[in-house]
$ cat final_18.tsv   # TSV, N, CA and C atoms and all ligand atoms
chain	number	residue	atom	x	y	z
K	1	MET	N	7.79	-5.72	8.37
K	1	MET	CA	7.67	-6.27	7.04
K	1	MET	C	8.45	-5.38	6.08
K	2	LYS	N	8.83	-5.94	4.95
K	2	LYS	CA	9.55	-5.16	3.95
K	2	LYS	C	8.56	-4.56	2.96
K	3	ALA	N	8.86	-3.35	2.49
K	3	ALA	CA	8.00	-2.68	1.51
K	3	ALA	C	8.87	-1.81	0.61
K	4	VAL	N	8.43	-1.66	-0.62
K	4	VAL	CA	9.08	-0.74	-1.54
K	4	VAL	C	8.40	0.61	-1.36
K	5	THR	N	9.19	1.63	-1.05
K	5	THR	CA	8.64	2.94	-0.72
K	5	THR	C	9.29	4.04	-1.56
K	6	VAL	N	8.61	5.18	-1.58
K	6	VAL	CA	9.19	6.40	-2.13
K	6	VAL	C	8.93	7.52	-1.13
K	7	THR	N	9.74	8.55	-1.23
K	7	THR	CA	9.48	9.77	-0.49
K	7	THR	C	8.82	10.72	-1.47
K	8	PRO	N	7.50	10.95	-1.36
K	8	PRO	CA	6.80	11.79	-2.32
K	8	PRO	C	7.46	13.16	-2.45
K	9	GLY	N	7.58	13.61	-3.71
K	9	GLY	CA	8.19	14.91	-3.99
K	9	GLY	C	9.69	14.85	-4.13
K	10	GLN	N	10.29	13.69	-3.84
K	10	GLN	CA	11.75	13.53	-3.96
K	10	GLN	C	12.02	12.53	-5.08
K	11	LYS	N	12.56	13.00	-6.18
K	11	LYS	CA	12.77	12.18	-7.37
K	11	LYS	C	13.74	11.03	-7.10
K	12	ASN	N	13.43	9.85	-7.65
K	12	ASN	CA	14.26	8.64	-7.54
K	12	ASN	C	14.55	8.26	-6.09
K	13	SER	N	13.54	8.28	-5.26
K	13	SER	CA	13.71	7.95	-3.85
K	13	SER	C	13.30	6.51	-3.54
K	14	LEU	N	13.07	5.72	-4.58
K	14	LEU	CA	12.64	4.33	-4.41
K	14	LEU	C	13.62	3.56	-3.53
K	15	GLN	N	13.09	2.84	-2.54
K	15	GLN	CA	13.96	2.03	-1.69
K	15	GLN	C	13.17	0.91	-1.03
K	16	LEU	N	13.89	-0.16	-0.68
K	16	LEU	CA	13.31	-1.24	0.11
K	16	LEU	C	13.50	-0.87	1.57
K	17	ARG	N	12.41	-0.90	2.32
K	17	ARG	CA	12.45	-0.38	3.68
K	17	ARG	C	11.72	-1.36	4.60
K	18	GLU	N	12.17	-1.46	5.83
K	18	GLU	CA	11.45	-2.20	6.87
K	18	GLU	C	10.41	-1.25	7.46
K	19	VAL	N	9.13	-1.67	7.43
K	19	VAL	CA	8.04	-0.82	7.93
K	19	VAL	C	7.23	-1.62	8.95
K	20	PRO	N	6.52	-0.91	9.83
K	20	PRO	CA	5.70	-1.61	10.81
K	20	PRO	C	4.59	-2.40	10.11
K	21	LEU	N	4.25	-3.55	10.67
K	21	LEU	CA	3.14	-4.33	10.15
K	21	LEU	C	1.84	-3.55	10.37
K	22	PRO	N	1.06	-3.30	9.32
K	22	PRO	CA	-0.18	-2.55	9.50
K	22	PRO	C	-1.25	-3.40	10.17
K	23	TRP	N	-2.27	-2.75	10.67
K	23	TRP	CA	-3.38	-3.45	11.28
K	23	TRP	C	-4.68	-2.80	10.81
K	24	VAL	N	-5.75	-3.55	10.79
K	24	VAL	CA	-7.01	-3.04	10.25
K	24	VAL	C	-7.48	-1.79	10.98
K	25	GLU	N	-7.19	-1.67	12.27
K	25	GLU	CA	-7.62	-0.50	13.02
K	25	GLU	C	-6.87	0.76	12.61
K	26	ASP	N	-5.79	0.61	11.81
K	26	ASP	CA	-5.06	1.78	11.33
K	26	ASP	C	-5.88	2.58	10.32
K	27	VAL	N	-6.90	1.96	9.72
K	27	VAL	CA	-7.72	2.62	8.71
K	27	VAL	C	-8.99	3.14	9.38
K	28	PRO	N	-9.29	4.43	9.17
K	28	PRO	CA	-10.47	5.02	9.82
K	28	PRO	C	-11.77	4.34	9.43
K	29	ASP	N	-12.76	4.46	10.29
K	29	ASP	CA	-14.12	4.01	10.04
K	29	ASP	C	-14.25	2.50	9.87
K	30	GLY	N	-13.32	1.72	10.41
K	30	GLY	CA	-13.42	0.27	10.35
K	30	GLY	C	-13.36	-0.30	8.95
K	31	ARG	N	-12.73	0.42	8.03
K	31	ARG	CA	-12.70	-0.02	6.64
K	31	ARG	C	-11.42	-0.76	6.28
K	32	GLY	N	-10.59	-1.07	7.27
K	32	GLY	CA	-9.31	-1.71	6.98
K	32	GLY	C	-9.45	-3.18	6.65
K	33	VAL	N	-8.61	-3.63	5.75
K	33	VAL	CA	-8.50	-5.04	5.40
K	33	VAL	C	-7.02	-5.36	5.32
K	34	LEU	N	-6.59	-6.34	6.11
K	34	LEU	CA	-5.21	-6.77	6.05
K	34	LEU	C	-5.12	-7.89	5.02
K	35	VAL	N	-4.22	-7.76	4.05
K	35	VAL	CA	-4.06	-8.77	3.02
K	35	VAL	C	-2.64	-9.29	3.01
K	36	LYS	N	-2.50	-10.55	2.61
K	36	LYS	CA	-1.18	-11.13	2.40
K	36	LYS	C	-0.89	-11.00	0.91
K	37	VAL	N	0.12	-10.25	0.57
K	37	VAL	CA	0.45	-10.01	-0.83
K	37	VAL	C	1.24	-11.20	-1.37
K	38	LEU	N	0.71	-11.78	-2.45
K	38	LEU	CA	1.39	-12.90	-3.09
K	38	LEU	C	2.35	-12.41	-4.17
K	39	ARG	N	1.89	-11.47	-4.96
K	39	ARG	CA	2.71	-10.89	-6.03
K	39	ARG	C	2.34	-9.41	-6.15
K	40	ALA	N	3.31	-8.57	-6.36
K	40	ALA	CA	3.06	-7.15	-6.57
K	40	ALA	C	3.86	-6.68	-7.77
K	41	GLY	N	3.29	-5.73	-8.47
K	41	GLY	CA	3.97	-5.19	-9.64
K	41	GLY	C	4.16	-3.69	-9.50
K	42	ILE	N	5.01	-3.17	-10.34
K	42	ILE	CA	5.25	-1.74	-10.41
K	42	ILE	C	4.72	-1.29	-11.77
K	43	ASP	N	3.92	-0.24	-11.79
K	43	ASP	CA	3.35	0.21	-13.06
K	43	ASP	C	3.72	1.67	-13.33
K	44	GLY	N	3.09	2.23	-14.36
K	44	GLY	CA	3.39	3.61	-14.75
K	44	GLY	C	3.10	4.61	-13.65
K	45	THR	N	2.05	4.36	-12.88
K	45	THR	CA	1.72	5.26	-11.77
K	45	THR	C	2.87	5.29	-10.76
K	46	ASP	N	3.39	4.11	-10.43
K	46	ASP	CA	4.50	4.06	-9.48
K	46	ASP	C	5.72	4.79	-10.05
K	47	ARG	N	5.96	4.63	-11.34
K	47	ARG	CA	7.09	5.32	-11.97
K	47	ARG	C	6.91	6.84	-11.89
K	48	GLU	N	5.69	7.30	-12.12
K	48	GLU	CA	5.42	8.75	-12.04
K	48	GLU	C	5.58	9.26	-10.60
K	49	ILE	N	5.16	8.46	-9.64
K	49	ILE	CA	5.34	8.86	-8.23
K	49	ILE	C	6.82	8.94	-7.91
K	50	ASN	N	7.61	7.95	-8.40
K	50	ASN	CA	9.06	7.97	-8.15
K	50	ASN	C	9.74	9.12	-8.89
K	51	ASN	N	9.11	9.61	-9.95
K	51	ASN	CA	9.64	10.78	-10.66
K	51	ASN	C	9.21	12.09	-10.00
K	52	ALA	N	8.53	11.98	-8.86
K	52	ALA	CA	8.06	13.15	-8.09
K	52	ALA	C	7.04	13.97	-8.86
K	53	GLU	N	6.29	13.31	-9.76
K	53	GLU	CA	5.26	14.04	-10.51
K	53	GLU	C	4.00	14.24	-9.67
K	54	TYR	N	3.72	13.33	-8.78
K	54	TYR	CA	2.64	13.48	-7.83
K	54	TYR	C	2.76	12.42	-6.75
K	55	GLY	N	1.82	12.43	-5.82
K	55	GLY	CA	1.83	11.47	-4.71
K	55	GLY	C	2.09	12.18	-3.40
K	56	THR	N	1.40	11.74	-2.38
K	56	THR	CA	1.60	12.30	-1.04
K	56	THR	C	1.68	11.15	-0.04
K	57	ALA	N	2.40	11.37	1.01
K	57	ALA	CA	2.49	10.38	2.08
K	57	ALA	C	1.23	10.49	2.95
K	58	PRO	N	0.81	9.39	3.54
K	58	PRO	CA	-0.32	9.44	4.47
K	58	PRO	C	0.00	10.36	5.64
K	59	PRO	N	-1.02	10.94	6.26
K	59	PRO	CA	-0.78	11.82	7.41
K	59	PRO	C	0.08	11.12	8.46
K	60	GLY	N	1.10	11.82	8.92
K	60	GLY	CA	1.98	11.28	9.95
K	60	GLY	C	3.16	10.49	9.43
K	61	ASP	N	3.23	10.28	8.13
K	61	ASP	CA	4.34	9.53	7.53
K	61	ASP	C	5.09	10.40	6.53
K	62	HIS	N	6.32	10.03	6.23
K	62	HIS	CA	7.09	10.75	5.22
K	62	HIS	C	7.34	9.89	3.99
K	63	TYR	N	6.83	8.67	3.98
K	63	TYR	CA	7.02	7.81	2.81
K	63	TYR	C	5.69	7.20	2.39
K	64	LEU	N	5.68	6.67	1.19
K	64	LEU	CA	4.49	6.06	0.61
K	64	LEU	C	4.90	4.68	0.07
K	65	ILE	N	4.14	3.65	0.42
K	65	ILE	CA	4.40	2.31	-0.09
K	65	ILE	C	3.79	2.23	-1.48
K	66	ILE	N	4.58	1.76	-2.44
K	66	ILE	CA	4.06	1.63	-3.80
K	66	ILE	C	3.85	0.15	-4.11
K	67	GLY	N	3.33	-0.12	-5.31
K	67	GLY	CA	3.09	-1.49	-5.71
K	67	GLY	C	1.63	-1.87	-5.54
K	68	HIS	N	0.73	-0.97	-5.94
K	68	HIS	CA	-0.70	-1.22	-5.73
K	68	HIS	C	-1.25	-2.27	-6.69
K	69	GLU	N	-0.49	-2.64	-7.70
K	69	GLU	CA	-0.92	-3.70	-8.60
K	69	GLU	C	-0.49	-5.02	-7.97
K	70	SER	N	-1.44	-5.72	-7.35
K	70	SER	CA	-1.04	-6.93	-6.64
K	70	SER	C	-2.15	-7.98	-6.65
K	71	ILE	N	-1.76	-9.17	-6.31
K	71	ILE	CA	-2.68	-10.27	-6.06
K	71	ILE	C	-2.47	-10.66	-4.60
K	72	SER	N	-3.57	-10.69	-3.84
K	72	SER	CA	-3.46	-10.86	-2.39
K	72	SER	C	-4.58	-11.74	-1.85
K	73	PHE	N	-4.37	-12.26	-0.67
K	73	PHE	CA	-5.40	-12.97	0.08
K	73	PHE	C	-5.83	-12.10	1.26
K	74	PRO	N	-7.14	-11.83	1.41
K	74	PRO	CA	-7.59	-11.13	2.62
K	74	PRO	C	-7.26	-11.98	3.85
K	75	GLN	N	-6.72	-11.33	4.89
K	75	GLN	CA	-6.35	-12.03	6.12
K	75	GLN	C	-7.24	-11.66	7.29
K	76	HIS	N	-7.58	-10.38	7.39
K	76	HIS	CA	-8.36	-9.92	8.53
K	76	HIS	C	-9.07	-8.64	8.15
K	77	HIS	N	-10.29	-8.51	8.61
K	77	HIS	CA	-11.07	-7.29	8.36
K	77	HIS	C	-12.15	-7.20	9.41
K	78	ARG	N	-12.75	-6.07	9.51
K	78	ARG	CA	-13.92	-5.91	10.37
K	78	ARG	C	-14.78	-4.79	9.79
K	79	GLY	N	-16.03	-4.84	10.09
K	79	GLY	CA	-16.92	-3.79	9.64
K	79	GLY	C	-17.67	-4.10	8.36
K	80	PHE	N	-17.26	-5.12	7.64
K	80	PHE	CA	-18.01	-5.51	6.45
K	80	PHE	C	-17.64	-6.94	6.09
K	81	ARG	N	-18.45	-7.54	5.25
K	81	ARG	CA	-18.19	-8.91	4.82
K	81	ARG	C	-17.33	-8.91	3.57
K	82	SER	N	-16.39	-9.78	3.55
K	82	SER	CA	-15.51	-9.91	2.40
K	82	SER	C	-15.49	-11.37	1.98
K	83	PRO	N	-15.72	-11.66	0.73
K	83	PRO	CA	-15.69	-13.05	0.31
K	83	PRO	C	-14.29	-13.62	0.41
K	84	PRO	N	-14.17	-14.88	0.76
K	84	PRO	CA	-12.84	-15.48	0.81
K	84	PRO	C	-12.26	-15.59	-0.59
K	85	GLY	N	-10.99	-15.62	-0.68
K	85	GLY	CA	-10.35	-15.82	-1.97
K	85	GLY	C	-9.40	-14.71	-2.33
K	86	LEU	N	-9.03	-14.71	-3.56
K	86	LEU	CA	-8.05	-13.74	-4.02
K	86	LEU	C	-8.63	-12.35	-4.12
K	87	CYS	N	-7.79	-11.38	-3.93
K	87	CYS	CA	-8.18	-9.98	-4.06
K	87	CYS	C	-7.18	-9.34	-5.01
K	88	ALA	N	-7.67	-8.77	-6.08
K	88	ALA	CA	-6.79	-8.05	-7.00
K	88	ALA	C	-7.01	-6.56	-6.82
K	89	HIS	N	-5.97	-5.80	-6.95
K	89	HIS	CA	-6.04	-4.34	-6.88
K	89	HIS	C	-6.52	-3.82	-5.54
K	90	PRO	N	-5.82	-4.09	-4.45
K	90	PRO	CA	-6.16	-3.41	-3.20
K	90	PRO	C	-6.08	-1.91	-3.40
K	91	HIS	N	-6.70	-1.19	-2.51
K	91	HIS	CA	-6.74	0.28	-2.59
K	91	HIS	C	-5.33	0.83	-2.81
K	92	SER	N	-5.21	1.73	-3.73
K	92	SER	CA	-3.90	2.30	-4.02
K	92	SER	C	-3.72	3.64	-3.32
K	93	GLY	N	-2.50	4.06	-3.25
K	93	GLY	CA	-2.19	5.36	-2.67
K	93	GLY	C	-2.26	5.37	-1.16
K	94	SER	N	-2.21	4.23	-0.58
K	94	SER	CA	-2.31	4.15	0.87
K	94	SER	C	-1.04	3.53	1.44
K	95	ARG	N	-0.70	3.95	2.61
K	95	ARG	CA	0.44	3.33	3.29
K	95	ARG	C	0.10	1.89	3.63
K	96	HIS	N	-1.17	1.65	3.87
K	96	HIS	CA	-1.58	0.33	4.32
K	96	HIS	C	-2.29	-0.39	3.19
K	97	LEU	N	-1.63	-1.34	2.64
K	97	LEU	CA	-2.25	-2.11	1.57
K	97	LEU	C	-3.30	-2.99	2.14
Y	1	ZN	ZN	-1.94	0.87	-11.42
$ encode --input "final_18.tsv" --output "structure tokens"
Amino acid sequence: MKAVTVTPGQKNSLQLREVPLPWVEDVPDGRGVLVKVLRAGIDGTDREINNAEYGTAPPGDHYLIIGHESISFPQHHRGFRSPPGLCAHPHSGSRHL
């Protein structure tokens, strides 16, 4: 899948990148939710991360997917009940939206 990423700590590293499709088991403790992103935005936090002001890549990765302001549909989850429908603001700061 395509994702907009930055390399944390490297100023102006924003790029469109092909990344592996995430899966719910990628998130510890069965807390993963796979969502289909309908629309995503870039906000001030993303701009600050791209300015290398803060942000870290998830363990084992050298990049961070940005665009945590989004409207999405939950596709798959396990470990808890999730109501059907739209999901706004998936967890931010994660490689796996
Ligand atoms: Zn935000």
$ residues_near_ligand --input "final_18.tsv" --ligand "ligand ZN 1 (chain Y)" --cutoff "8 Å" --atoms "all atoms listed in the file" --output "compact mmCIF listing (two decimals) with N, CA and C atoms, in the frame of the given file"
# COMPACT_ATOMS: atom_id res chain seq x y z
N GLY K 41 3.29 -5.73 -8.47
CA GLY K 41 3.97 -5.19 -9.64
C GLY K 41 4.16 -3.69 -9.50
N ILE K 42 5.01 -3.17 -10.34
CA ILE K 42 5.25 -1.74 -10.41
C ILE K 42 4.72 -1.29 -11.77
N ASP K 43 3.92 -0.24 -11.79
CA ASP K 43 3.35 0.21 -13.06
C ASP K 43 3.72 1.67 -13.33
N GLY K 44 3.09 2.23 -14.36
CA GLY K 44 3.39 3.61 -14.75
C GLY K 44 3.10 4.61 -13.65
N THR K 45 2.05 4.36 -12.88
CA THR K 45 1.72 5.26 -11.77
C THR K 45 2.87 5.29 -10.76
N ASP K 46 3.39 4.11 -10.43
CA ASP K 46 4.50 4.06 -9.48
C ASP K 46 5.72 4.79 -10.05
N GLY K 67 3.33 -0.12 -5.31
CA GLY K 67 3.09 -1.49 -5.71
C GLY K 67 1.63 -1.87 -5.54
N HIS K 68 0.73 -0.97 -5.94
CA HIS K 68 -0.70 -1.22 -5.73
C HIS K 68 -1.25 -2.27 -6.69
N GLU K 69 -0.49 -2.64 -7.70
CA GLU K 69 -0.92 -3.70 -8.60
C GLU K 69 -0.49 -5.02 -7.97
N SER K 70 -1.44 -5.72 -7.35
CA SER K 70 -1.04 -6.93 -6.64
C SER K 70 -2.15 -7.98 -6.65
N SER K 92 -5.21 1.73 -3.73
CA SER K 92 -3.90 2.30 -4.02
C SER K 92 -3.72 3.64 -3.32
$ atom_distance --input "final_18.tsv" --atom1 "CA of Ile49 in chain K" --atom2 "CA of Ile71 in chain K"
20.9 Å
$ atom_distance --input "final_18.tsv" --atom1 "CA of Arg17 in chain K" --atom2 "atom N of Leu34 in chain K"
20.1 Å
$ atom_distance --input "final_18.tsv" --atom1 "atom C of Leu21 in chain K" --atom2 "atom N of Asn50 in chain K"
22.8 Å
$ select_by_dssp --input "final_18.tsv" --residues "range 46-83 of chain K" --states "helix (DSSP H, G or I)" --output "count of residues only"
5
$ residues_around --input "final_18.tsv" --residues "range 61-63 of chain K" --least-positions-apart "4" --cutoff "5 Å" --atoms "all atoms listed in the file" --output "list in words"
Val6, Thr7 and Ala57 of chain K
$ residues_around --input "final_18.tsv" --residues "Leu16 in chain K" --least-positions-apart "4" --cutoff "10 Å" --atoms "only C-alpha atoms" --output "VMD selection string"
chain K and resid 2 to 6 65
$ closest_residue --input "final_18.tsv" --among "K:Ala52, K:Ala40, K:Gly32, K:Asp26" --to "Leu64 in chain K" --atoms "only C-alpha atoms"
K:Ala52
$ residues_around --input "final_18.tsv" --residues "Val35 in chain K" --least-positions-apart "6" --cutoff "6.5 Å" --atoms "all atoms listed in the file" --output "list in words"
Ser72, Phe73, Pro74, Gln75, His76 and Leu97 of chain K
$ write_last_selection --input "final_18.tsv" --atoms "N, CA and C atoms" --output "mmCIF file, keeping the file's coordinate frame"
data_model
loop_
_atom_site.group_PDB
_atom_site.id
_atom_site.type_symbol
_atom_site.label_atom_id
_atom_site.label_comp_id
_atom_site.auth_asym_id
_atom_site.auth_seq_id
_atom_site.Cartn_x
_atom_site.Cartn_y
_atom_site.Cartn_z
ATOM 1 N N SER K 72 -3.570 -10.690 -3.840
ATOM 2 C CA SER K 72 -3.460 -10.860 -2.390
ATOM 3 C C SER K 72 -4.580 -11.740 -1.850
ATOM 4 N N PHE K 73 -4.370 -12.260 -0.670
ATOM 5 C CA PHE K 73 -5.400 -12.970 0.080
ATOM 6 C C PHE K 73 -5.830 -12.100 1.260
ATOM 7 N N PRO K 74 -7.140 -11.830 1.410
ATOM 8 C CA PRO K 74 -7.590 -11.130 2.620
ATOM 9 C C PRO K 74 -7.260 -11.980 3.850
ATOM 10 N N GLN K 75 -6.720 -11.330 4.890
ATOM 11 C CA GLN K 75 -6.350 -12.030 6.120
ATOM 12 C C GLN K 75 -7.240 -11.660 7.290
ATOM 13 N N HIS K 76 -7.580 -10.380 7.390
ATOM 14 C CA HIS K 76 -8.360 -9.920 8.530
ATOM 15 C C HIS K 76 -9.070 -8.640 8.150
ATOM 16 N N LEU K 97 -1.630 -1.340 2.640
ATOM 17 C CA LEU K 97 -2.250 -2.110 1.570
ATOM 18 C C LEU K 97 -3.300 -2.990 2.140
#
$ closest_residue --input "final_18.tsv" --among "K:Trp23, K:Tyr54, K:Val33, K:Gly60" --to "Pro8 in chain K" --atoms "all atoms listed in the file"
K:Tyr54
$ closest_residue --input "final_18.tsv" --among "K:Gly30, K:Met1, K:Gln15, K:Gly9" --to "Thr56 in chain K" --atoms "only C-alpha atoms"
K:Gly9
$ axis_aligned_box --input "final_18.tsv" --around "range 62-70 of chain K" --padding-each-side "8 Å" --output "lines of an AutoDock Vina configuration file"
center_x = 2.6
center_y = 1.4
center_z = -1.2
size_x = 25.5
size_y = 34.7
size_z = 30.8
$ closest_residue --input "final_18.tsv" --among "K:Arg31, K:Lys36, K:Asn51, K:Glu25" --to "Lys11 in chain K" --atoms "all atoms listed in the file"
K:Asn51
